[in-house]
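Please read the structure below before turning to the comments.
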Amino acid sequence: MLKELKAIQKEVLSRLEDIGRKVDLENLRVEYLGRKGRLNIILKQISKLPRDQRAQVGKLANEVKTKITQSIESKIKEADEVSESGRIDITLPGLGRGVGNNHPVTRTIDDMCRIFTNLGFKVVDGPEAEREFYNFEALNIPLEHPSRDAFDTFYIQKDLLLRSHTSPAQPRVMQKEEPPLAVVVPGKVYRPDAVDATHSFMFHQIEGLAVDEGITFSDLKGTLSEFAREFFGDDIKIRFRPHFFPFTEPSADLDISCIICNGRGCRVCSHTGWLEILGAGMVDPEVFKAVDYDYQKYSGFAFGIGVERVAMLKYGIEDIRLFFDNDLRFLKQFHP
Amino acid sequence: MLISFDWLKDYVSINESASQVAKKLTMAGIEVSSIEKVKNDYVFDAEITPNRPDLLSVQGIAREVAALTSRKMKEPAAKSRQLPRAGSNIDIKIEDTIACKRYNATLIKDVSVKVAPQLVTRRLNALDVRPVNNIVDITNFHLMDSGQPLHAFDYDKIEGGRVIVRRAVKGEKITAINGKEYKLDEDILVIADEKKPIAIAGIMGGVDTEIGLETKNILLECAHFDAITIRRASSKLGLKSDSSYRFERGICIEDIPEVAARAAGDIEEATGGKAAGNIDISDYKPQGLKLELRIAEIKRILGVDIEADKAASILQSLGMNVSGRQKDKCIVGIPPFRQDIAREVDLIEEVARIYGYDNIPDTLARIYPKQIKKYQSTGGVREDAKYAIKNIIRQHLRACGLYEIISYSLINEREAETMGYAEEETARLINPLSQEQEILRPSLVPGLLQCLTWNLNRQIDNVPVFELGKVFYRKQSEVKEKLNVGFCLCGHKFTGDWQIKPKPVNFYDVKGIIESLLKSLRLNKYSVEPAKKEYFKEAKAASVLRVKEEVAVFGEIDEMLLDVYDIETPVFAAEIYLEKLLPEIKLEFSLERIPKYPSISRDLAVIVKEDLESRVVVDEIKKVGKKLITDISLFDIYTGRQIPPGYKSLAYSITYQSPRRTLTDKEIDDIQTEIQRKLVEDLKAQIR
């Protein structure tokens with residue numbers, strides 16, 4: 001009987017090598033290990049053996065049973081993935097959870113900040129609930145002047161408002177740090193504008209400020225032109241147009257040739273061929289005065305970029321509300 | 001503001017085409033956004049920045065064009081008329097001499113009111129100003145022409161023949177020429193007669209003294225009104241006009257007599273009337289501001305060498321007087337119409353913009369990349385560390401399969417209330433745009449749920465999203481602003497995995513993300529305790545505590561809050577108070593030696609009462625194994641056959657390892673035995 005048992009084990013193992021299909025493996029299992037299987041038949045006969053032989057045979061029988069069982073089971077496991085011919089359907093979808101994305105505003109901010117950090121700027125943060133001094137007075141915006149119209153604001157309580165631009169971070173940083181310094185401040189800003197396709201009461205800006213001895217308007221032009229080319233591509237044309245901000249003098253708007261129509265004129269650029277991208281200027285002496293910087297020794301430039309506007313141009317997004325609806329079909333497109 | 005190309009030519013010779021002129025203006029700071037052909041004229045729509053009130057007139061723009069085309073201004077066609085001095089026939093009293101620094105009035109008698117001359121109406125039509133009658137039209141003409149507002153009163157309707165420039169008294173009213181009645185108070189400056197206000201000074205005249213076809217005699221007002229007073233009044237009454245627009249930005253007080261004389265002359269000609277007297281009341285003394293412009297300063301600010309001669313000629317072309325010219329500086333006399341120039345740097349801007357920004361070379365600033373150390377937006381952490389950590393968090397949550405959202409920072413009352421925030425705990429806007437966006441969000445949860453609603457309504461059932469954003473809350477009179485991280489899960493996981501059936505997301509999926517995030521940030525000392533929050537389901541919420549302080553909270557969102565957003569599917573959310581963690585996150589570390597000796601795993605399954613927490617079992621096992629156990633990992637929870645009701649089986653895989661030697665089977669067996677003994681003894685557990 002010992003010989004028989006060993007033979008059965010050898011047989012099963014040998015047969016297993018040729019069997020791949022699950023159904024065949026199941027049949028094999030039943031054939032040897034089923035109630036009426038070959039191993040069971042032998043096991044039933046053990047009781048008919050003389051007593052002294054029973055222990056030895058029994059032990060071997062169990063070992064064989066375990067071995068056969070394990071071998072068949074492991075083959076069955078393999079068979080779950082293997083078809084009858086030993087091939088797999090390679091067209092079945094791969095598995096895995098997939099990764100999420102950053103929000104397009106975050107992505108745009110990161111892209112822009114990267115360009116500036118490569119130029120030496122550091123990224124800092126500022127509060128959204130801001131004091132009047134930082135949002136207006138320190139920026140040379142008197143509390144009663146038409147230039148305030150451009151900055152209509154949400155108020156929380158006396159001397160606390162939701163910042164209407166990221167510029168307040170300029171005096172905040174300058175109060176704590178000595179020049180030289182160069183920072184960019186991305187963040188949310190708020191204006192009481194009714195929400196429509198191109199306006200939102202909440203949006204994002206990036207503020208920039210560079211102060212040192214010998215920083216000039218020429219530097220402003222070069223640095224911001226470099227940014228524009230890196231962000232929008234080498235093909236764009238750039239122009240600086242005089243403008244007005246209470247906190248810079250001289251002030252400028254930077255326009256790029258319209259990236260939709262290549263400067264020919266279209267609805268997006270109101271048929272002018274140019275798109276206004278950012279406002280900038282040399283820091284006004286009054287701003288330095290408010291933070292005790294010596295205007296005779298230092299000079300600096302500042303700039304502000306509207307993030308959603310730029311993102312809408314770059315990605316062809318036609319409605320600003322898409323940024324805040326957070327529709328997954330929109331968000332999922334912004335990979336990597 | 002609309003500009004008529006033809007009208008400009010009254011003041012400056014122009015050979016260039018309209019579009020060429022428009023381009024020059026744009027590149028000098030007067031942005032022309034469109035040019036329309038109107039009959040034989042071209043009309044520009046230009047944006048005049050608030051610092052240049054002198055450009056709110058044809059003459060002002062013409063002056064710029066002259067400077068930009070290197071030409072001289074022409075003399076205006078209408079000759080200035082010398083007006084007879086007033087006798088006792090004009091009675092003017094200025095009570096508020098701050099709000100009104102100059103009042104010039106001309107009495108013109110025997111006028112005939114009819115249609116204005118064609119030249120006048122043509123000019124006005126080009127600028128979209130509706131013609132009314134000869135007198136009103138001429139006042140509008142001169143307003144557009146010089147930027148100085150004028151107003152004509154029907155003199156015979158002025159009660160008592162007296163004009164008083166004063167503050168209104170609370171309770172007074174006036175019906176303006178737009179037909180609307182306005183309630184007045186002491187914030188409003190008015191022109192009044194003996195009995196009542198007859199005009200809202202600087203903004204709009206009253207119907208009682210309006211010029212009509214029967215008007216015989218007029219009083220022509222040409223005055224200065226203080227910018228802030230007019231702005232306040234205009235804002236309060238909700239009333240604007242071409243006049244108020246100019247007063248708010250500042251008019252040139254010195255021009256007043258000249259404009260009054262010209263307008264009076266034009267009115268005489270158009271109406272057949274005769275000027276019977278003029279009075280000019282003013283304390284004004286010409287300022288005569290002089291500024292020194294240093295050539296070195298031009299170079300320091302602009303970065304380009306502009307010689308004294310060039311700078312001087314630019315400023316002269318703009319109407320400024322340059323004297324005391326030396327190689328390194330000059331003295332510039334500032335004309336009265338340039339109220340925006342008060343400092344040397346203002347002159348430098350003028351030089352730059354006429355010189356042409358595009359003629360200034362581009363150079364790259366030499367930025368010294370100084371670390372920001374003293375300025376901290378969040379106490380206890382440097383700005384660069386804060387920025388880096390925010391990025392790590394985003395990356396990690398993305399890797400967990402979550403999508404970043406950005407939601408509105410303002411929510412409505414119901415959202416805040418249902419979450420359990422008391423009114424005195426939240427900050428709200430004094431001037432919200434709508435009730436939907438009135439309260440500054442005290443939590444990121446509303447934004448996450450709003451996002452869920454949006455997506456669920458569009459048959460997007462799996463919405464794994466996160467947000468990094470500021471929340472606001474009130475502590476008595478202070479409003480605090482904090483940076484939080486929030487995320488939520490709903491729907492199923494394993495969808496799209498054809499090997500596993502989809503399973504609904506649950507509490508442990510959220511917990512897993514928090515655990516992996518904290519691990520990623522190297523924050524390993526914390527405990528998870530049950531939490532009680534109004535917006536989480538009872539007994540399905542937990543806090544993450546560090547040194548007894550709650551740093552995060554997570555769980556299943558309560559149905560009452562889901563109702564507010566019309567969400568019917570279970571939602572699991574978490575919120576982390578990032579600013580509490582920021583100062584404690586240390587990203588530097590040293591390597592832990594890789595173990596030289598192998599580890600050995602043993603399984604252990606125990607049957608315990610259903611309400612016994614897994615942590616208790618784990619703590620017991622740790623107590624026995626101490627340093628030799630490097631990991632205890634739950635791999636199965638089983639209730640069913642073989643387990644008595646009210647009990648459960650917990651199966652753990654325990655990893656044993658010593659840093660100094662390979663542990664023997666016997667040693668491990670002994671520890672396992674001791675563990676089993678302890679569990680039975682202390683927890684009344686049964687070993688499986």
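Each chain in the structure tokens gets a letter, A, B, ..., in the order shown, and its residues are numbered from 1; ligands are numbered from 1 in order too.
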Quick one: pick out all strand (DSSP E) residues within range 5-189 of chain A from a backbone DSSP run and write them as a PDB file with N, CA and C atoms, in the first residue's frame.
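Once everything was written out, this is part-v5.pdb:
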ATOM      1  N   LYS A 122      10.895  84.485  -3.456  1.00  0.00           N
ATOM      2  CA  LYS A 122      10.430  83.506  -2.477  1.00  0.00           C
ATOM      3  C   LYS A 122       8.911  83.604  -2.377  1.00  0.00           C
ATOM      4  N   VAL A 123       8.261  82.474  -2.148  1.00  0.00           N
ATOM      5  CA  VAL A 123       6.803  82.476  -2.066  1.00  0.00           C
ATOM      6  C   VAL A 123       6.371  82.704  -0.619  1.00  0.00           C
ATOM      7  N   ALA A 129      -8.488  87.978   5.377  1.00  0.00           N
ATOM      8  CA  ALA A 129      -9.216  88.988   6.139  1.00  0.00           C
ATOM      9  C   ALA A 129      -8.177  90.019   6.545  1.00  0.00           C
ATOM     10  N   GLU A 130      -8.284  91.214   5.998  1.00  0.00           N
ATOM     11  CA  GLU A 130      -7.172  92.163   6.062  1.00  0.00           C
ATOM     12  C   GLU A 130      -7.594  93.468   6.739  1.00  0.00           C
ATOM     13  N   PHE A 154     -15.575  94.102   0.314  1.00  0.00           N
ATOM     14  CA  PHE A 154     -16.439  93.457   1.288  1.00  0.00           C
ATOM     15  C   PHE A 154     -15.923  93.801   2.677  1.00  0.00           C
ATOM     16  N   TYR A 155     -16.784  94.267   3.549  1.00  0.00           N
ATOM     17  CA  TYR A 155     -16.381  94.572   4.915  1.00  0.00           C
ATOM     18  C   TYR A 155     -16.931  93.545   5.894  1.00  0.00           C
ATOM     19  N   ILE A 156     -16.102  93.191   6.884  1.00  0.00           N
ATOM     20  CA  ILE A 156     -16.528  92.251   7.924  1.00  0.00           C
ATOM     21  C   ILE A 156     -16.916  93.044   9.166  1.00  0.00           C
ATOM     22  N   GLN A 157     -16.092  93.977   9.535  1.00  0.00           N
ATOM     23  CA  GLN A 157     -16.407  94.886  10.632  1.00  0.00           C
ATOM     24  C   GLN A 157     -15.498  96.087  10.434  1.00  0.00           C
ATOM     25  N   LEU A 160     -11.855  95.756   9.246  1.00  0.00           N
ATOM     26  CA  LEU A 160     -11.550  94.395   8.823  1.00  0.00           C
ATOM     27  C   LEU A 160     -12.350  94.117   7.560  1.00  0.00           C
ATOM     28  N   LEU A 161     -11.636  93.762   6.484  1.00  0.00           N
ATOM     29  CA  LEU A 161     -12.311  93.525   5.219  1.00  0.00           C
ATOM     30  C   LEU A 161     -11.703  92.300   4.556  1.00  0.00           C
ATOM     31  N   LEU A 162     -12.373  91.838   3.507  1.00  0.00           N
ATOM     32  CA  LEU A 162     -11.769  90.779   2.715  1.00  0.00           C
ATOM     33  C   LEU A 162     -10.906  91.475   1.664  1.00  0.00           C
ATOM     34  N   LEU A 181      14.912  92.196  -0.916  1.00  0.00           N
ATOM     35  CA  LEU A 181      13.953  91.116  -0.825  1.00  0.00           C
ATOM     36  C   LEU A 181      13.201  90.966  -2.134  1.00  0.00           C
ATOM     37  N   ALA A 182      12.752  89.776  -2.381  1.00  0.00           N
ATOM     38  CA  ALA A 182      11.975  89.493  -3.585  1.00  0.00           C
ATOM     39  C   ALA A 182      10.991  88.395  -3.233  1.00  0.00           C
ATOM     40  N   VAL A 183       9.715  88.729  -3.284  1.00  0.00           N
ATOM     41  CA  VAL A 183       8.694  87.751  -2.900  1.00  0.00           C
ATOM     42  C   VAL A 183       7.569  87.726  -3.909  1.00  0.00           C
ATOM     43  N   VAL A 184       6.897  86.586  -3.979  1.00  0.00           N
ATOM     44  CA  VAL A 184       5.627  86.484  -4.697  1.00  0.00           C
ATOM     45  C   VAL A 184       4.589  85.986  -3.705  1.00  0.00           C
ATOM     46  N   VAL A 185       3.384  86.529  -3.800  1.00  0.00           N
ATOM     47  CA  VAL A 185       2.320  86.189  -2.865  1.00  0.00           C
ATOM     48  C   VAL A 185       1.089  85.756  -3.636  1.00  0.00           C
ATOM     49  N   PRO A 186       0.846  84.463  -3.758  1.00  0.00           N
ATOM     50  CA  PRO A 186      -0.393  84.028  -4.409  1.00  0.00           C
ATOM     51  C   PRO A 186      -1.512  83.966  -3.378  1.00  0.00           C
ATOM     52  N   GLY A 187      -2.758  84.146  -3.829  1.00  0.00           N
ATOM     53  CA  GLY A 187      -3.845  83.977  -2.865  1.00  0.00           C
ATOM     54  C   GLY A 187      -5.180  84.458  -3.371  1.00  0.00           C
ATOM     55  N   LYS A 188      -6.199  84.202  -2.540  1.00  0.00           N
ATOM     56  CA  LYS A 188      -7.570  84.577  -2.876  1.00  0.00           C
ATOM     57  C   LYS A 188      -7.780  86.056  -2.631  1.00  0.00           C
ATOM     58  N   VAL A 189      -8.590  86.676  -3.491  1.00  0.00           N
ATOM     59  CA  VAL A 189      -9.014  88.059  -3.289  1.00  0.00           C
ATOM     60  C   VAL A 189     -10.520  88.127  -3.533  1.00  0.00           C
TER      61      VAL A 189
END
Margin query: List as an NGL selection string the protein and nucleic acid residues near range 576-584 of chain B, meaning an atom at most 7 Å away when only C-alpha atoms are counted, but skip any in the same chain fewer than 5 places from it.
Written below: :B and (380-381 or 482-486 or 551-553)
Item checked: Test item: residues at most 10 Å from Ile3 in chain B, only C-alpha atoms, excluding those fewer than 4 positions along its chain, as a PyMOL selection string -> chain B and resi 7-8+32+35+42-46+56-58+61-62+123+126-127+144
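Counting only C-alpha atoms, Lys67 in chain A has the following residues at most 12 Å away, ignoring those fewer than 3 positions along the same chain: Leu5, Lys6, Ile8, Gln9, Lys10, Val12, Leu13, Leu33, Leu60, Ala61, Asn62, Glu63, Val64, Gln70, Ser71, Ile72, Glu73 and Ser74 of chain A.
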Note to self: Env of Ile218 in chain B: 9 Å cut, atoms = only C-alpha atoms, seq-sep filter 3 positions within chain, self excluded. Answer as a list in words.
What the structure shows: Thr106, Leu107, Ile108, Lys109, Asp110, Val111, Ala152, Phe153, Asp154, Tyr155, Asp156, Ile211 and Thr215 of chain B
Residues of the last selection are to be written out with C-alpha atoms, as a PDB file, in the first residue's frame.
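Ended up saving to result.pdb:
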ATOM      1  CA  THR B 106     -22.757 135.401 -15.027  1.00  0.00           C
ATOM      2  CA  LEU B 107     -26.159 136.997 -15.505  1.00  0.00           C
ATOM      3  CA  ILE B 108     -27.302 136.884 -19.127  1.00  0.00           C
ATOM      4  CA  LYS B 109     -30.499 138.703 -20.032  1.00  0.00           C
ATOM      5  CA  ASP B 110     -33.044 138.483 -22.782  1.00  0.00           C
ATOM      6  CA  VAL B 111     -32.188 135.048 -24.049  1.00  0.00           C
ATOM      7  CA  ALA B 152     -27.518 127.415 -16.146  1.00  0.00           C
ATOM      8  CA  PHE B 153     -30.391 128.485 -13.892  1.00  0.00           C
ATOM      9  CA  ASP B 154     -33.568 130.231 -14.968  1.00  0.00           C
ATOM     10  CA  TYR B 155     -32.803 133.454 -13.113  1.00  0.00           C
ATOM     11  CA  ASP B 156     -36.399 134.532 -12.703  1.00  0.00           C
ATOM     12  CA  ILE B 211     -34.092 126.215 -18.541  1.00  0.00           C
ATOM     13  CA  THR B 215     -36.829 131.352 -19.934  1.00  0.00           C
TER      14      THR B 215
END
Next item on the list: Counting only C-alpha atoms, figure out which residue out of A:Phe133, A:Arg172, A:Phe303, A:Asp253 gets nearest to Arg241 in chain A.
Entry: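 Comparing A:Phe133, A:Arg172, A:Phe303, A:Asp253 against Arg241 in chain A, the winner is A:Asp253.
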Check: Excluding same-chain residues fewer than 2 positions from Leu468 in chain B, what lies within 12 Å of it counting only C-alpha atoms, as a VMD selection string?
Finding: (chain A and resid 102 to 103 106 187 to 188) or (chain B and resid 387 389 to 395 397 403 to 407 409 443 to 445 447 to 448 465 to 466 470 to 471 482 to 487 574 to 579)
Margin query: When DSSP is applied to the backbone of this structure, which of range 218-440 of chain B are assigned helix (DSSP H, G or I)? Write them out as a PyMOL selection string.
Written below: chain B and resi 227-237+242-249+253-271+295-302+308-317+344-355+357-359+383-399+413-419+423-425+435-437
